[in-house]
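Here is coords.pdb, consisting of PDB, C-alpha atoms, pLDDT in the B column:
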```
ATOM      1  CA  MET A 445       0.000   0.000   0.000  1.00 70.00           C
ATOM      2  CA  HIS A 446       1.132   3.513  -0.652  1.00 80.00           C
ATOM      3  CA  ILE A 447      -0.341   6.822   0.402  1.00 89.00           C
ATOM      4  CA  THR A 448       0.189  10.008  -1.551  1.00 91.00           C
ATOM      5  CA  ARG A 449       2.337  12.899  -0.441  1.00 94.00           C
ATOM      6  CA  TYR A 450      -0.901  14.847   0.025  1.00 95.00           C
ATOM      7  CA  THR A 451      -2.157  12.394   2.663  1.00 95.00           C
ATOM      8  CA  ASP A 452       1.288  12.218   4.260  1.00 95.00           C
ATOM      9  CA  TYR A 453       1.417  16.016   4.563  1.00 97.00           C
ATOM     10  CA  SER A 454      -2.162  16.108   5.880  1.00 97.00           C
ATOM     11  CA  LEU A 455      -1.169  13.720   8.646  1.00 97.00           C
ATOM     12  CA  ARG A 456       1.994  15.692   9.385  1.00 96.00           C
ATOM     13  CA  VAL A 457       0.088  18.967   9.716  1.00 97.00           C
ATOM     14  CA  LEU A 458      -2.357  17.373  12.132  1.00 97.00           C
ATOM     15  CA  ILE A 459       0.472  15.754  14.114  1.00 95.00           C
ATOM     16  CA  TYR A 460       2.262  19.093  14.385  1.00 94.00           C
ATOM     17  CA  LEU A 461      -0.857  20.950  15.504  1.00 95.00           C
ATOM     18  CA  SER A 462      -1.732  18.250  18.003  1.00 94.00           C
ATOM     19  CA  ALA A 463       1.774  18.203  19.455  1.00 91.00           C
ATOM     20  CA  GLN A 464       1.904  21.955  19.976  1.00 88.00           C
ATOM     21  CA  GLY A 465      -1.477  22.278  21.653  1.00 87.00           C
ATOM     22  CA  ASP A 466      -3.726  25.313  21.363  1.00 87.00           C
ATOM     23  CA  ARG A 467      -1.013  27.711  20.171  1.00 91.00           C
ATOM     24  CA  LEU A 468      -1.498  29.033  16.639  1.00 95.00           C
ATOM     25  CA  ALA A 469       0.971  27.751  14.055  1.00 95.00           C
ATOM     26  CA  THR A 470       1.730  29.057  10.568  1.00 95.00           C
ATOM     27  CA  ILE A 471       2.174  27.155   7.343  1.00 96.00           C
ATOM     28  CA  GLN A 472       5.758  28.423   7.145  1.00 95.00           C
ATOM     29  CA  GLU A 473       6.487  27.162  10.657  1.00 94.00           C
ATOM     30  CA  ILE A 474       5.197  23.686   9.813  1.00 95.00           C
ATOM     31  CA  ALA A 475       7.025  23.635   6.464  1.00 96.00           C
ATOM     32  CA  ASP A 476      10.283  24.620   8.169  1.00 94.00           C
ATOM     33  CA  SER A 477       9.787  22.076  10.927  1.00 94.00           C
ATOM     34  CA  TYR A 478       9.405  19.190   8.464  1.00 95.00           C
ATOM     35  CA  ASP A 479      11.702  20.707   5.825  1.00 94.00           C
ATOM     36  CA  ILE A 480       8.982  20.504   3.172  1.00 94.00           C
ATOM     37  CA  SER A 481       7.567  22.952   0.651  1.00 93.00           C
ATOM     38  CA  LYS A 482       5.281  25.698   1.940  1.00 95.00           C
ATOM     39  CA  ASN A 483       3.480  25.639  -1.425  1.00 94.00           C
ATOM     40  CA  HIS A 484       2.599  21.964  -1.000  1.00 91.00           C
ATOM     41  CA  LEU A 485       1.230  22.637   2.469  1.00 95.00           C
ATOM     42  CA  MET A 486      -1.004  25.515   1.403  1.00 95.00           C
ATOM     43  CA  LYS A 487      -3.420  23.254  -0.476  1.00 95.00           C
ATOM     44  CA  VAL A 488      -3.318  20.665   2.303  1.00 97.00           C
ATOM     45  CA  VAL A 489      -4.115  23.259   4.967  1.00 97.00           C
ATOM     46  CA  HIS A 490      -6.934  24.704   2.868  1.00 96.00           C
ATOM     47  CA  GLN A 491      -8.585  21.279   2.553  1.00 96.00           C
ATOM     48  CA  LEU A 492      -8.061  20.378   6.226  1.00 97.00           C
ATOM     49  CA  ASN A 493      -9.763  23.655   7.140  1.00 97.00           C
ATOM     50  CA  LYS A 494     -12.586  23.037   4.662  1.00 96.00           C
ATOM     51  CA  LYS A 495     -13.161  19.535   6.092  1.00 96.00           C
ATOM     52  CA  GLY A 496     -13.241  20.887   9.666  1.00 97.00           C
ATOM     53  CA  TYR A 497     -10.066  19.270  10.972  1.00 97.00           C
ATOM     54  CA  ILE A 498      -8.390  22.608  11.638  1.00 97.00           C
ATOM     55  CA  GLU A 499      -9.430  26.192  12.094  1.00 96.00           C
ATOM     56  CA  THR A 500      -7.547  29.059  10.544  1.00 95.00           C
ATOM     57  CA  ILE A 501      -7.364  32.604  11.821  1.00 93.00           C
ATOM     58  CA  ARG A 502      -6.421  35.338   9.380  1.00 91.00           C
ATOM     59  CA  GLY A 503      -4.424  38.428  10.118  1.00 89.00           C
ATOM     60  CA  LYS A 504      -1.064  39.481  11.451  1.00 87.00           C
ATOM     61  CA  LYS A 505      -1.317  37.250  14.522  1.00 87.00           C
ATOM     62  CA  GLY A 506      -3.201  34.530  12.661  1.00 91.00           C
ATOM     63  CA  GLY A 507      -2.410  30.919  12.090  1.00 94.00           C
ATOM     64  CA  MET A 508      -4.076  27.569  12.553  1.00 96.00           C
ATOM     65  CA  ARG A 509      -4.842  25.009  15.225  1.00 96.00           C
ATOM     66  CA  LEU A 510      -6.817  21.812  15.525  1.00 97.00           C
ATOM     67  CA  HIS A 511     -10.561  22.298  15.345  1.00 97.00           C
ATOM     68  CA  MET A 512     -11.247  18.777  16.592  1.00 95.00           C
ATOM     69  CA  ALA A 513      -9.846  16.897  19.547  1.00 95.00           C
ATOM     70  CA  PRO A 514      -7.058  14.468  18.519  1.00 96.00           C
ATOM     71  CA  GLU A 515      -9.132  11.536  19.785  1.00 96.00           C
ATOM     72  CA  ASP A 516     -11.914  12.546  17.378  1.00 97.00           C
ATOM     73  CA  ILE A 517      -9.690  12.470  14.287  1.00 97.00           C
ATOM     74  CA  ASN A 518      -9.791   8.954  12.871  1.00 98.00           C
ATOM     75  CA  VAL A 519      -6.767   8.046  10.747  1.00 97.00           C
ATOM     76  CA  GLY A 520      -8.744   5.720   8.446  1.00 96.00           C
ATOM     77  CA  ILE A 521     -11.366   8.358   7.698  1.00 96.00           C
ATOM     78  CA  LEU A 522      -8.686  10.972   7.050  1.00 97.00           C
ATOM     79  CA  VAL A 523      -6.897   8.657   4.607  1.00 96.00           C
ATOM     80  CA  ARG A 524     -10.156   7.984   2.750  1.00 94.00           C
ATOM     81  CA  GLU A 525     -10.868  11.728   2.570  1.00 95.00           C
ATOM     82  CA  THR A 526      -7.410  12.716   1.352  1.00 95.00           C
ATOM     83  CA  GLU A 527      -6.625   9.889  -1.038  1.00 90.00           C
ATOM     84  CA  GLN A 528      -8.197  10.704  -4.382  1.00 81.00           C
ATOM     85  CA  ASP A 529      -7.799   7.231  -5.801  1.00 80.00           C
ATOM     86  CA  LEU A 530      -7.567   4.039  -3.781  1.00 78.00           C
ATOM     87  CA  SER A 531      -7.419   1.947  -6.963  1.00 72.00           C
ATOM     88  CA  ILE A 532      -4.315  -0.042  -6.185  1.00 71.00           C
ATOM     89  CA  VAL A 533      -4.639  -2.056  -9.377  1.00 71.00           C
ATOM     90  CA  GLU A 534      -6.043  -1.082 -12.763  1.00 72.00           C
ATOM     91  CA  CYS A 535      -9.092  -3.313 -12.460  1.00 72.00           C
ATOM     92  CA  PHE A 536     -10.366  -1.146  -9.564  1.00 74.00           C
ATOM     93  CA  SER A 537     -10.626   1.854 -11.857  1.00 73.00           C
ATOM     94  CA  SER A 538     -13.351   2.907 -14.243  1.00 77.00           C
ATOM     95  CA  LYS A 539     -10.650   3.062 -16.950  1.00 78.00           C
ATOM     96  CA  ASN A 540      -9.864  -0.633 -16.616  1.00 79.00           C
ATOM     97  CA  ALA A 541      -8.599  -2.044 -19.902  1.00 82.00           C
ATOM     98  CA  CYS A 542      -7.231  -5.330 -18.584  1.00 79.00           C
ATOM     99  CA  LYS A 543      -8.578  -8.185 -20.685  1.00 81.00           C
ATOM    100  CA  ILE A 544      -8.369 -10.827 -17.972  1.00 82.00           C
ATOM    101  CA  THR A 545     -10.380  -8.960 -15.293  1.00 80.00           C
ATOM    102  CA  PRO A 546     -13.463 -11.217 -15.620  1.00 83.00           C
ATOM    103  CA  VAL A 547     -11.433 -14.331 -14.764  1.00 87.00           C
ATOM    104  CA  CYS A 548      -8.602 -12.935 -12.650  1.00 83.00           C
ATOM    105  CA  GLY A 549      -8.480 -13.457  -8.895  1.00 85.00           C
ATOM    106  CA  LEU A 550      -6.191 -10.504  -8.215  1.00 83.00           C
ATOM    107  CA  LYS A 551      -9.007  -7.972  -7.993  1.00 81.00           C
ATOM    108  CA  SER A 552     -10.672  -9.728  -5.068  1.00 87.00           C
ATOM    109  CA  MET A 553      -7.313 -10.291  -3.332  1.00 89.00           C
ATOM    110  CA  PHE A 554      -6.305  -6.644  -3.633  1.00 85.00           C
ATOM    111  CA  ASN A 555      -9.787  -5.547  -2.611  1.00 86.00           C
ATOM    112  CA  GLU A 556      -9.479  -7.680   0.527  1.00 92.00           C
ATOM    113  CA  ALA A 557      -6.009  -6.252   1.229  1.00 90.00           C
ATOM    114  CA  LEU A 558      -7.239  -2.660   0.792  1.00 89.00           C
ATOM    115  CA  LYS A 559     -10.186  -3.335   3.081  1.00 93.00           C
ATOM    116  CA  ALA A 560      -7.853  -4.777   5.746  1.00 94.00           C
ATOM    117  CA  PHE A 561      -5.454  -1.817   5.385  1.00 93.00           C
ATOM    118  CA  LEU A 562      -8.259   0.681   5.958  1.00 95.00           C
ATOM    119  CA  GLU A 563      -9.788  -1.367   8.787  1.00 97.00           C
ATOM    120  CA  VAL A 564      -6.476  -1.231  10.649  1.00 96.00           C
ATOM    121  CA  LEU A 565      -6.232   2.532  10.160  1.00 96.00           C
ATOM    122  CA  ASP A 566      -9.850   2.863  11.350  1.00 97.00           C
ATOM    123  CA  GLN A 567      -8.714   1.568  14.752  1.00 97.00           C
ATOM    124  CA  TYR A 568      -6.483   4.594  15.354  1.00 96.00           C
ATOM    125  CA  THR A 569      -6.946   8.272  16.054  1.00 96.00           C
ATOM    126  CA  LEU A 570      -4.566  11.191  16.008  1.00 96.00           C
ATOM    127  CA  ALA A 571      -4.318  10.801  19.789  1.00 94.00           C
ATOM    128  CA  ASP A 572      -2.822   7.334  19.217  1.00 93.00           C
ATOM    129  CA  VAL A 573      -0.212   8.852  16.905  1.00 91.00           C
ATOM    130  CA  ILE A 574       0.675  11.541  19.445  1.00 87.00           C
ATOM    131  CA  GLN A 575       1.336   9.356  22.455  1.00 79.00           C
ATOM    132  CA  ASP A 576       1.899  11.308  25.669  1.00 67.00           C
ATOM    133  CA  GLN A 577       5.099   9.451  26.540  1.00 69.00           C
ATOM    134  CA  HIS A 578       6.644  10.546  23.213  1.00 74.00           C
ATOM    135  CA  ARG A 579       5.391  14.155  23.276  1.00 76.00           C
ATOM    136  CA  PRO A 580       8.670  15.653  24.677  1.00 77.00           C
ATOM    137  CA  GLN A 581      10.703  13.921  21.954  1.00 81.00           C
ATOM    138  CA  LEU A 582       8.200  14.956  19.275  1.00 82.00           C
ATOM    139  CA  LEU A 583       8.310  18.598  20.393  1.00 78.00           C
ATOM    140  CA  ARG A 584      12.109  18.515  20.277  1.00 82.00           C
ATOM    141  CA  LEU A 585      12.255  16.834  16.853  1.00 85.00           C
ATOM    142  CA  LEU A 586       9.767  19.297  15.391  1.00 82.00           C
ATOM    143  CA  GLN A 587      11.491  22.197  17.154  1.00 81.00           C
ATOM    144  CA  ILE A 588       8.272  23.381  18.744  1.00 80.00           C
ATOM    145  CA  ALA A 589       8.879  25.902  21.487  1.00 65.00           C
TER     146      ALA A 589
END
```
Would you put the structure from the file into structure tokens?
Amino acid sequence: MHITRYTDYSLRVLIYLSAQGDRLATIQEIADSYDISKNHLMKVVHQLNKKGYIETIRGKKGGMRLHMAPEDINVGILVRETEQDLSIVECFSSKNACKITPVCGLKSMFNEALKAFLEVLDQYTLADVIQDQHRPQLLRLLQIA
């Protein structure tokens, strides 16, 4: 299984905001902390705000913070909402041109694997990712003051 950079960055933004608490953070701050592109994060942050995961405050002293409690953010749901295409093989897609699809067992196997992958992620929340015993290390690694 593979998740897109978009989903990866969505998770990273939420991890960062959860780790730093109620303090407002900026896109630049998060980009610098992870050493990733601010431009990539702008679209991610916009969608996370639109979906209600975060709240953004405009202005000179603006920024963003979590809009939901970490224990209310389900990792499986987030992955489903941020992945545009979970078609891990061609036969999952509407553009399937594989001639052997009607007799091939791979589609059902991959479908079962995808279902299991998502079911595992459904068991976890952002609070599980940000475990209290690792918070001091996380703050240090992300250089959160």
For the file shown, report as a PDB file with C-alpha atoms, in the frame of the given file the outcome of the PyMOL selection byres ((chain A and resi 518) around 10) at residue level.
```pdb
ATOM      1  CA  PRO A 514      -7.058  14.468  18.519  1.00 96.00           C
ATOM      2  CA  GLU A 515      -9.132  11.536  19.785  1.00 96.00           C
ATOM      3  CA  ASP A 516     -11.914  12.546  17.378  1.00 97.00           C
ATOM      4  CA  ILE A 517      -9.690  12.470  14.287  1.00 97.00           C
ATOM      5  CA  VAL A 519      -6.767   8.046  10.747  1.00 97.00           C
ATOM      6  CA  GLY A 520      -8.744   5.720   8.446  1.00 96.00           C
ATOM      7  CA  ILE A 521     -11.366   8.358   7.698  1.00 96.00           C
ATOM      8  CA  LEU A 522      -8.686  10.972   7.050  1.00 97.00           C
ATOM      9  CA  VAL A 523      -6.897   8.657   4.607  1.00 96.00           C
ATOM     10  CA  LEU A 565      -6.232   2.532  10.160  1.00 96.00           C
ATOM     11  CA  ASP A 566      -9.850   2.863  11.350  1.00 97.00           C
ATOM     12  CA  GLN A 567      -8.714   1.568  14.752  1.00 97.00           C
ATOM     13  CA  TYR A 568      -6.483   4.594  15.354  1.00 96.00           C
ATOM     14  CA  THR A 569      -6.946   8.272  16.054  1.00 96.00           C
ATOM     15  CA  LEU A 570      -4.566  11.191  16.008  1.00 96.00           C
ATOM     16  CA  ALA A 571      -4.318  10.801  19.789  1.00 94.00           C
ATOM     17  CA  ASP A 572      -2.822   7.334  19.217  1.00 93.00           C
TER      18      ASP A 572
END
```
* Selected by the PyMOL selection byres ((chain A and resi 461) around 12) in the shown coordinates: which residues, as a PyMOL selection string? -> chain A and resi 454-460+462-471+473-474+477+489+492+497-500+507-514+570-571+574+582-583+586+588
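Remark: for A:Asp529, the closest of the candidate residues A:Asn493, A:Arg584, A:Leu558, A:Ser481 is A:Leu558 (distances computed over only C-alpha atoms).
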* To do: State, in Å with one decimal place, the distance from atom CA of A:Ser552 to atom CA of A:Asn540.
  =>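 Rounded to one decimal, the two atoms are 14.7 Å apart.
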Near A:Glu527, within 10 Å and counting only C-alpha atoms, which residues show up once chain neighbours fewer than 5 positions away are dropped, as a PDB file with C-alpha atoms, in the coordinates of the input?
```
ATOM      1  CA  ILE A 447      -0.341   6.822   0.402  1.00 89.00           C
ATOM      2  CA  THR A 448       0.189  10.008  -1.551  1.00 91.00           C
ATOM      3  CA  ARG A 449       2.337  12.899  -0.441  1.00 94.00           C
ATOM      4  CA  TYR A 450      -0.901  14.847   0.025  1.00 95.00           C
ATOM      5  CA  THR A 451      -2.157  12.394   2.663  1.00 95.00           C
ATOM      6  CA  ASP A 452       1.288  12.218   4.260  1.00 95.00           C
ATOM      7  CA  LEU A 522      -8.686  10.972   7.050  1.00 97.00           C
TER       8      LEU A 522
END
```
* Rounded to one decimal in Å, what is the spacing between atom CA of A:Gln575 and atom CA of A:Phe561? ->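 If I compute the distance from atom CA of A:Gln575 to atom CA of A:Phe561, I get 21.5 Å.
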* Enter the distance from atom CA of A:Lys504 to atom CA of A:Tyr453, in Å, rounded to one decimal. => 24.6 Å
* Check the smallest atom-to-atom distance from each of A:Glu556, A:Gln472, A:Glu525, A:Ile480 to A:Gly496 using all atoms listed in the file, then report the winner. => A:Glu525
Add whatever atoms are absent from stretch 564-589 of chain A to reach N, CA, C and O atoms, and provide the output as a compact mmCIF listing (two decimals), keeping the file's coordinate frame.
```
# COMPACT_ATOMS: atom_id res chain seq x y z
N VAL A 564 -7.51 -1.45 9.63
CA VAL A 564 -6.48 -1.23 10.65
C VAL A 564 -6.37 0.26 10.95
O VAL A 564 -6.35 0.67 12.12
N LEU A 565 -6.32 1.09 9.94
CA LEU A 565 -6.23 2.53 10.16
C LEU A 565 -7.46 3.07 10.90
O LEU A 565 -7.35 4.02 11.69
N ASP A 566 -8.62 2.45 10.67
CA ASP A 566 -9.85 2.86 11.35
C ASP A 566 -9.76 2.67 12.87
O ASP A 566 -10.53 3.28 13.61
N GLN A 567 -8.85 1.84 13.32
CA GLN A 567 -8.71 1.57 14.75
C GLN A 567 -7.93 2.65 15.49
O GLN A 567 -7.85 2.62 16.72
N TYR A 568 -7.37 3.60 14.75
CA TYR A 568 -6.48 4.59 15.35
C TYR A 568 -6.98 6.02 15.15
O TYR A 568 -7.60 6.34 14.14
N THR A 569 -6.65 6.84 16.14
CA THR A 569 -6.95 8.27 16.05
C THR A 569 -5.63 9.05 16.11
O THR A 569 -4.57 8.47 16.39
N LEU A 570 -5.75 10.33 15.90
CA LEU A 570 -4.57 11.19 16.01
C LEU A 570 -3.97 11.12 17.41
O LEU A 570 -2.76 11.18 17.58
N ALA A 571 -4.81 10.94 18.41
CA ALA A 571 -4.32 10.80 19.79
C ALA A 571 -3.41 9.58 19.93
O ALA A 571 -2.44 9.61 20.70
N ASP A 572 -3.69 8.52 19.18
CA ASP A 572 -2.82 7.33 19.22
C ASP A 572 -1.47 7.62 18.58
O ASP A 572 -0.45 7.06 18.99
N VAL A 573 -1.46 8.49 17.58
CA VAL A 573 -0.21 8.85 16.90
C VAL A 573 0.65 9.72 17.83
O VAL A 573 1.86 9.56 17.89
N ILE A 574 -0.01 10.62 18.54
CA ILE A 574 0.68 11.54 19.44
C ILE A 574 0.58 10.98 20.86
O ILE A 574 -0.23 11.42 21.67
N GLN A 575 1.37 9.99 21.14
CA GLN A 575 1.34 9.36 22.46
C GLN A 575 2.03 10.26 23.48
O GLN A 575 3.10 10.81 23.22
N ASP A 576 1.39 10.40 24.64
CA ASP A 576 1.90 11.31 25.67
C ASP A 576 3.35 11.04 26.05
O ASP A 576 4.13 11.97 26.26
N GLN A 577 3.74 9.76 26.12
CA GLN A 577 5.10 9.45 26.54
C GLN A 577 6.14 9.90 25.51
O GLN A 577 7.30 10.06 25.83
N HIS A 578 5.71 10.12 24.26
CA HIS A 578 6.64 10.55 23.21
C HIS A 578 6.55 12.05 22.91
O HIS A 578 7.29 12.57 22.10
N ARG A 579 5.61 12.74 23.55
CA ARG A 579 5.39 14.16 23.28
C ARG A 579 6.67 14.99 23.44
O ARG A 579 6.99 15.79 22.56
N PRO A 580 7.45 14.84 24.55
CA PRO A 580 8.67 15.65 24.68
C PRO A 580 9.65 15.45 23.51
O PRO A 580 10.22 16.41 22.99
N GLN A 581 9.82 14.20 23.09
CA GLN A 581 10.70 13.92 21.95
C GLN A 581 10.16 14.54 20.68
O GLN A 581 10.89 15.09 19.87
N LEU A 582 8.85 14.42 20.47
CA LEU A 582 8.20 14.96 19.27
C LEU A 582 8.37 16.47 19.21
O LEU A 582 8.73 17.03 18.17
N LEU A 583 8.15 17.14 20.35
CA LEU A 583 8.31 18.60 20.39
C LEU A 583 9.75 18.99 20.04
O LEU A 583 9.97 19.96 19.32
N ARG A 584 10.70 18.23 20.56
CA ARG A 584 12.11 18.52 20.28
C ARG A 584 12.44 18.27 18.80
O ARG A 584 13.07 19.09 18.15
N LEU A 585 11.98 17.16 18.25
CA LEU A 585 12.26 16.83 16.85
C LEU A 585 11.64 17.84 15.89
O LEU A 585 12.21 18.16 14.85
N LEU A 586 10.44 18.32 16.24
CA LEU A 586 9.77 19.30 15.39
C LEU A 586 10.16 20.74 15.71
O LEU A 586 9.69 21.67 15.09
N GLN A 587 11.00 20.88 16.73
CA GLN A 587 11.49 22.20 17.15
C GLN A 587 10.33 23.14 17.51
O GLN A 587 10.28 24.29 17.09
N ILE A 588 9.40 22.59 18.27
CA ILE A 588 8.27 23.38 18.74
C ILE A 588 8.63 23.95 20.12
O ILE A 588 8.98 23.19 21.03
N ALA A 589 8.53 25.23 20.22
CA ALA A 589 8.88 25.90 21.49
C ALA A 589 7.80 25.73 22.52
O ALA A 589 6.66 25.61 22.28
```
